[in-house]
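Q: Pasting a structure here, questions to come.
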Amino acid sequence: MITFVRRTCLVVVLSTVAAAGFAACAGAADFQWLPQKNLFEPLIADPTYPTFALKYSAVAHRGWRAETDMGGEFSIAALKLENGAKAQFSIDGGVAARFDISRITNDFEIADFSLVLPVDYSIGPLAMRFMYWHTSSHVGDDYIISNSLSPSQLSKHVTDDFRFLASYKPVEFLRLYGGGGWAFNQIPHVQKRWRTQFGAEASTPGPQSLFAAFDFQSLERNNWNPSFTARAGVKSAGEYSAVSAFCEFFSGRTPYLGFMDSSETRWSLGFGFEL
């Protein structure tokens with residue numbers, strides 16, 4: 001209970017400080033409430049990034065899985081600074097759920113709930129994101145029943161991180177990014193708290209485009225064993241929304257927090273939505 005109260009207070013304080021900082025500039029001509037466009041573009045191949053997506057996956061030695069992601073970014077305020085620089089405060093969040101469709105009952109296995117509070121900064125081809133990231137993982141009732149788990153075998157899985165990412169576009173069609181983070185709260189308690197991440201994305205120009213991306217993530221709590229994701233597909237974009245169809249390969253620690261102690265390799269077909 002104390003941890004929950006502390007975390008809630010932290011979220012309120014961070015949101016208030018960020019909003020107050022932007023509100024202090026509200027009289028400026030280049031200040032904007034509720035901007036339409038995200039300053040830091042979503043990471044294409046990050047399997048944990050809050051987004052809207054549907055995936056049909058073949059997991060090696062485990063059968064078929066269906067995954068649904070529901071989430072995204074809501075931009076609160078943006079500000080144009082000197083020399084063409086921009087800053088933005090947003091709220092991200094969502095839920096990622098997995099179902100075991102190898103079983104006739106399509107068992108609900110796990111769901112990860114995320115809340116992200118990012119502050120972004122960009123100038124020219126360089127963009128940076130500073131963020132607080134909370135994840136809470138919950139195994140499904142079907143998974144508990146199918147694996148005959150007792151209450152004493154169930155554990156709470158929570159992380160609260162401070163993270164940083166930087167991306168750079170050397171040319172318009174290529175984006176490189178990297179960063180890391182530190183977890184100030186982990187349940188179950190683990191002393192190993194650091195993480196690192198990097199990747200690259202390439203796409204053809206125009207509203208109808210081809211894209212390819214890869215993402216590496218490595219956590220100290222997993223002895224720095226990396227997880228690798230590669231995604232390629234086609235995307236059709238409108239003024240404020242987009243839809244994509246893609247093929248994805250993943251190998252490494254299972255990206256759901258509650259299953260992080262296990263590893264898997266899978267191929268997926270899916271659809272992504274930017275709303």
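Each chain in the structure tokens gets a letter, A, B and so on, in the order shown; residues start at 1 in every chain, and ligands are counted from 1 in the order they appear.
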May I have the residues within 9 Å of segment 54-60 of chain A as a ChimeraX atom specification, using only C-alpha atoms and disregarding those fewer than 5 positions away in the same chain?
A: /A:65-70,248,264-273
Q: Let me see the file: selected residues, N, CA and C atoms, as a CSV table (one decimal), in the first residue's frame.
A:
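That gives us selection.csv:
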```
chain,number,residue,atom,x,y,z
A,65,ARG,N,0.0,-18.1,-30.6
A,65,ARG,CA,-0.5,-17.1,-29.6
A,65,ARG,C,-1.1,-16.0,-30.4
A,66,ALA,N,-2.1,-15.4,-29.8
A,66,ALA,CA,-2.7,-14.1,-30.3
A,66,ALA,C,-2.4,-13.0,-29.3
A,67,GLU,N,-2.0,-11.9,-29.9
A,67,GLU,CA,-1.6,-10.8,-29.0
A,67,GLU,C,-2.4,-9.5,-29.4
A,68,THR,N,-2.8,-8.7,-28.5
A,68,THR,CA,-3.5,-7.5,-28.8
A,68,THR,C,-2.9,-6.4,-27.9
A,69,ASP,N,-2.6,-5.3,-28.5
A,69,ASP,CA,-2.1,-4.1,-27.8
A,69,ASP,C,-3.0,-3.0,-28.0
A,70,MET,N,-3.4,-2.3,-26.9
A,70,MET,CA,-4.3,-1.2,-27.0
A,70,MET,C,-3.7,0.0,-26.2
A,248,GLU,N,7.0,-10.0,-38.2
A,248,GLU,CA,7.9,-9.7,-37.1
A,248,GLU,C,8.6,-11.0,-36.7
A,264,GLU,N,11.9,-17.0,-25.4
A,264,GLU,CA,11.2,-17.5,-26.5
A,264,GLU,C,11.7,-17.0,-27.9
A,265,THR,N,11.4,-17.7,-28.9
A,265,THR,CA,11.6,-17.3,-30.3
A,265,THR,C,10.3,-17.4,-31.0
A,266,ARG,N,9.9,-16.4,-31.8
A,266,ARG,CA,8.6,-16.4,-32.5
A,266,ARG,C,8.6,-15.6,-33.7
A,267,TRP,N,7.7,-16.0,-34.7
A,267,TRP,CA,7.4,-15.3,-35.9
A,267,TRP,C,6.0,-14.8,-35.7
A,268,SER,N,5.7,-13.6,-36.2
A,268,SER,CA,4.4,-13.0,-36.1
A,268,SER,C,4.0,-12.3,-37.4
A,269,LEU,N,2.7,-12.3,-37.6
A,269,LEU,CA,2.0,-11.5,-38.6
A,269,LEU,C,1.0,-10.6,-37.9
A,270,GLY,N,1.0,-9.3,-38.3
A,270,GLY,CA,0.1,-8.4,-37.6
A,270,GLY,C,-0.3,-7.2,-38.3
A,271,PHE,N,-1.1,-6.4,-37.7
A,271,PHE,CA,-1.6,-5.1,-38.1
A,271,PHE,C,-1.3,-4.1,-37.0
A,272,GLY,N,-0.8,-2.9,-37.4
A,272,GLY,CA,-0.6,-1.8,-36.5
A,272,GLY,C,-1.5,-0.6,-36.8
A,273,PHE,N,-1.9,0.1,-35.8
A,273,PHE,CA,-2.8,1.3,-36.0
A,273,PHE,C,-2.3,2.5,-35.3
```
Q: Considering only alpha helix (DSSP H) as DSSP defines it on the backbone, what residues of segment 22-261 of chain A qualify? List them as a list of chain:residue names.
A: A:Phe22, A:Ala23, A:Asp141, A:Asp142, A:Tyr143, A:Ile144, A:Ile145, A:Ser146
Q: Got time to write the residues from that selection, N, CA and C atoms, as an mmCIF file, in the first residue's frame?
A:
```cif
data_model
loop_
_atom_site.group_PDB
_atom_site.id
_atom_site.type_symbol
_atom_site.label_atom_id
_atom_site.label_comp_id
_atom_site.auth_asym_id
_atom_site.auth_seq_id
_atom_site.Cartn_x
_atom_site.Cartn_y
_atom_site.Cartn_z
ATOM 1 N N PHE A 22 5.267 23.957 -18.737
ATOM 2 C CA PHE A 22 4.702 24.338 -20.021
ATOM 3 C C PHE A 22 3.678 25.461 -19.851
ATOM 4 N N ALA A 23 2.896 25.392 -18.773
ATOM 5 C CA ALA A 23 1.886 26.422 -18.539
ATOM 6 C C ALA A 23 2.529 27.789 -18.328
ATOM 7 N N ASP A 141 -6.545 -15.628 -15.484
ATOM 8 C CA ASP A 141 -7.192 -16.731 -14.758
ATOM 9 C C ASP A 141 -7.026 -18.047 -15.505
ATOM 10 N N ASP A 142 -7.148 -18.016 -16.837
ATOM 11 C CA ASP A 142 -7.014 -19.241 -17.625
ATOM 12 C C ASP A 142 -5.622 -19.839 -17.467
ATOM 13 N N TYR A 143 -4.607 -18.981 -17.446
ATOM 14 C CA TYR A 143 -3.228 -19.464 -17.282
ATOM 15 C C TYR A 143 -3.049 -20.095 -15.906
ATOM 16 N N ILE A 144 -3.620 -19.477 -14.882
ATOM 17 C CA ILE A 144 -3.512 -20.008 -13.523
ATOM 18 C C ILE A 144 -4.162 -21.382 -13.428
ATOM 19 N N ILE A 145 -5.339 -21.529 -14.020
ATOM 20 C CA ILE A 145 -6.062 -22.806 -13.965
ATOM 21 C C ILE A 145 -5.329 -23.874 -14.774
ATOM 22 N N SER A 146 -4.900 -23.523 -15.989
ATOM 23 C CA SER A 146 -4.246 -24.505 -16.874
ATOM 24 C C SER A 146 -2.944 -25.020 -16.289
#
```
Q: Taking into account only C-alpha atoms, which residue in the set A:Ala97, A:Leu126, A:Leu154, A:Leu34 is nearest to Pro47 of chain A?
A: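 Using only C-alpha atoms, Pro47 of chain A sits closest to A:Ala97.
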Q: Could you check the closest approach to Phe113 of chain A for each of A:Lys37, A:His157, A:His189, A:Arg231 and tell me which residue wins, using only C-alpha atoms?
A: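 Smallest distance to Phe113 of chain A is found for A:His157.
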Q: Env of Thr229 of chain A: 8 Å cut, atoms = only C-alpha atoms, seq-sep filter 6 positions within chain, self excluded. Answer as number ranges by chain.
A: A: 45-47, 214-216, 248-251
Q: Give me, as a list in words, all polymer residues having an atom no more than 7 Å from Ser75 of chain A, counting only C-alpha atoms and skipping those fewer than 4 positions away in the same chain.
A: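 Final neighbour list, sorted by chain and number: Leu34, Pro35, Asn38, Phe89, Ser90 and Ile91 of chain A.
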Q: Quick one, how far is atom CA of Val234 of chain A from atom CA of Leu43 of chain A?
A: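 These atoms are spaced 15.4 Å apart.
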Q: For Thr48 of chain A, which of A:Thr254, A:Gln208, A:Ser122, A:Ser150 is the closest residue, counting only C-alpha atoms?
A: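 With only C-alpha atoms as the atom set, the closest residue is A:Thr254.
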Q: If you count only C-alpha atoms, which residues fall within 10 Å of Pro118 of chain A, apart from same-chain ones fewer than 3 positions away, as a ChimeraX atom specification?
A: /A:14-15,18,40,73,75,88-92,115,121,128-133,162-164
Q: Generate a file of the selected residues that holds C-alpha atoms, formatted as a compact mmCIF listing (two decimals), in the first residue's frame.
A:
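Saved to again_17.txt:
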```
# COMPACT_ATOMS: atom_id res chain seq x y z
CA LEU A 14 5.96 14.67 -12.28
CA SER A 15 2.78 15.52 -14.20
CA ALA A 18 5.86 19.20 -16.42
CA PHE A 40 9.15 11.81 -30.69
CA GLU A 73 0.26 8.70 -26.88
CA SER A 75 0.03 15.00 -26.43
CA GLN A 88 6.53 18.56 -25.78
CA PHE A 89 4.85 16.93 -22.78
CA SER A 90 2.62 13.86 -23.31
CA ILE A 91 0.95 10.94 -21.57
CA ASP A 92 1.42 7.42 -22.97
CA LEU A 115 1.83 4.29 -17.95
CA TYR A 121 12.94 17.73 -27.11
CA MET A 128 15.36 13.14 -27.21
CA ARG A 129 12.86 11.68 -24.78
CA PHE A 130 13.05 11.72 -20.97
CA MET A 131 10.35 9.62 -19.32
CA TYR A 132 8.94 7.91 -16.28
CA TRP A 133 7.72 4.39 -17.19
CA PHE A 162 13.37 6.54 -15.42
CA ARG A 163 14.39 6.19 -19.07
CA PHE A 164 16.13 8.22 -21.74
```
Q: Give me, please, the distance in Å between atom CA of Ala230 of chain A and atom CA of Glu109 of chain A, quoted to one decimal.
A: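 Here the two named atoms are 23.6 Å from each other.
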Q: Once DSSP has gone over the backbone, tell me which residues of segment 31-239 of chain A are in strand (DSSP E or B), as number ranges by chain.
A: A: 31-33, 52-59, 63-80, 86-100, 107-123, 126-139, 157-171, 174-187, 194-203, 208-219, 226-237
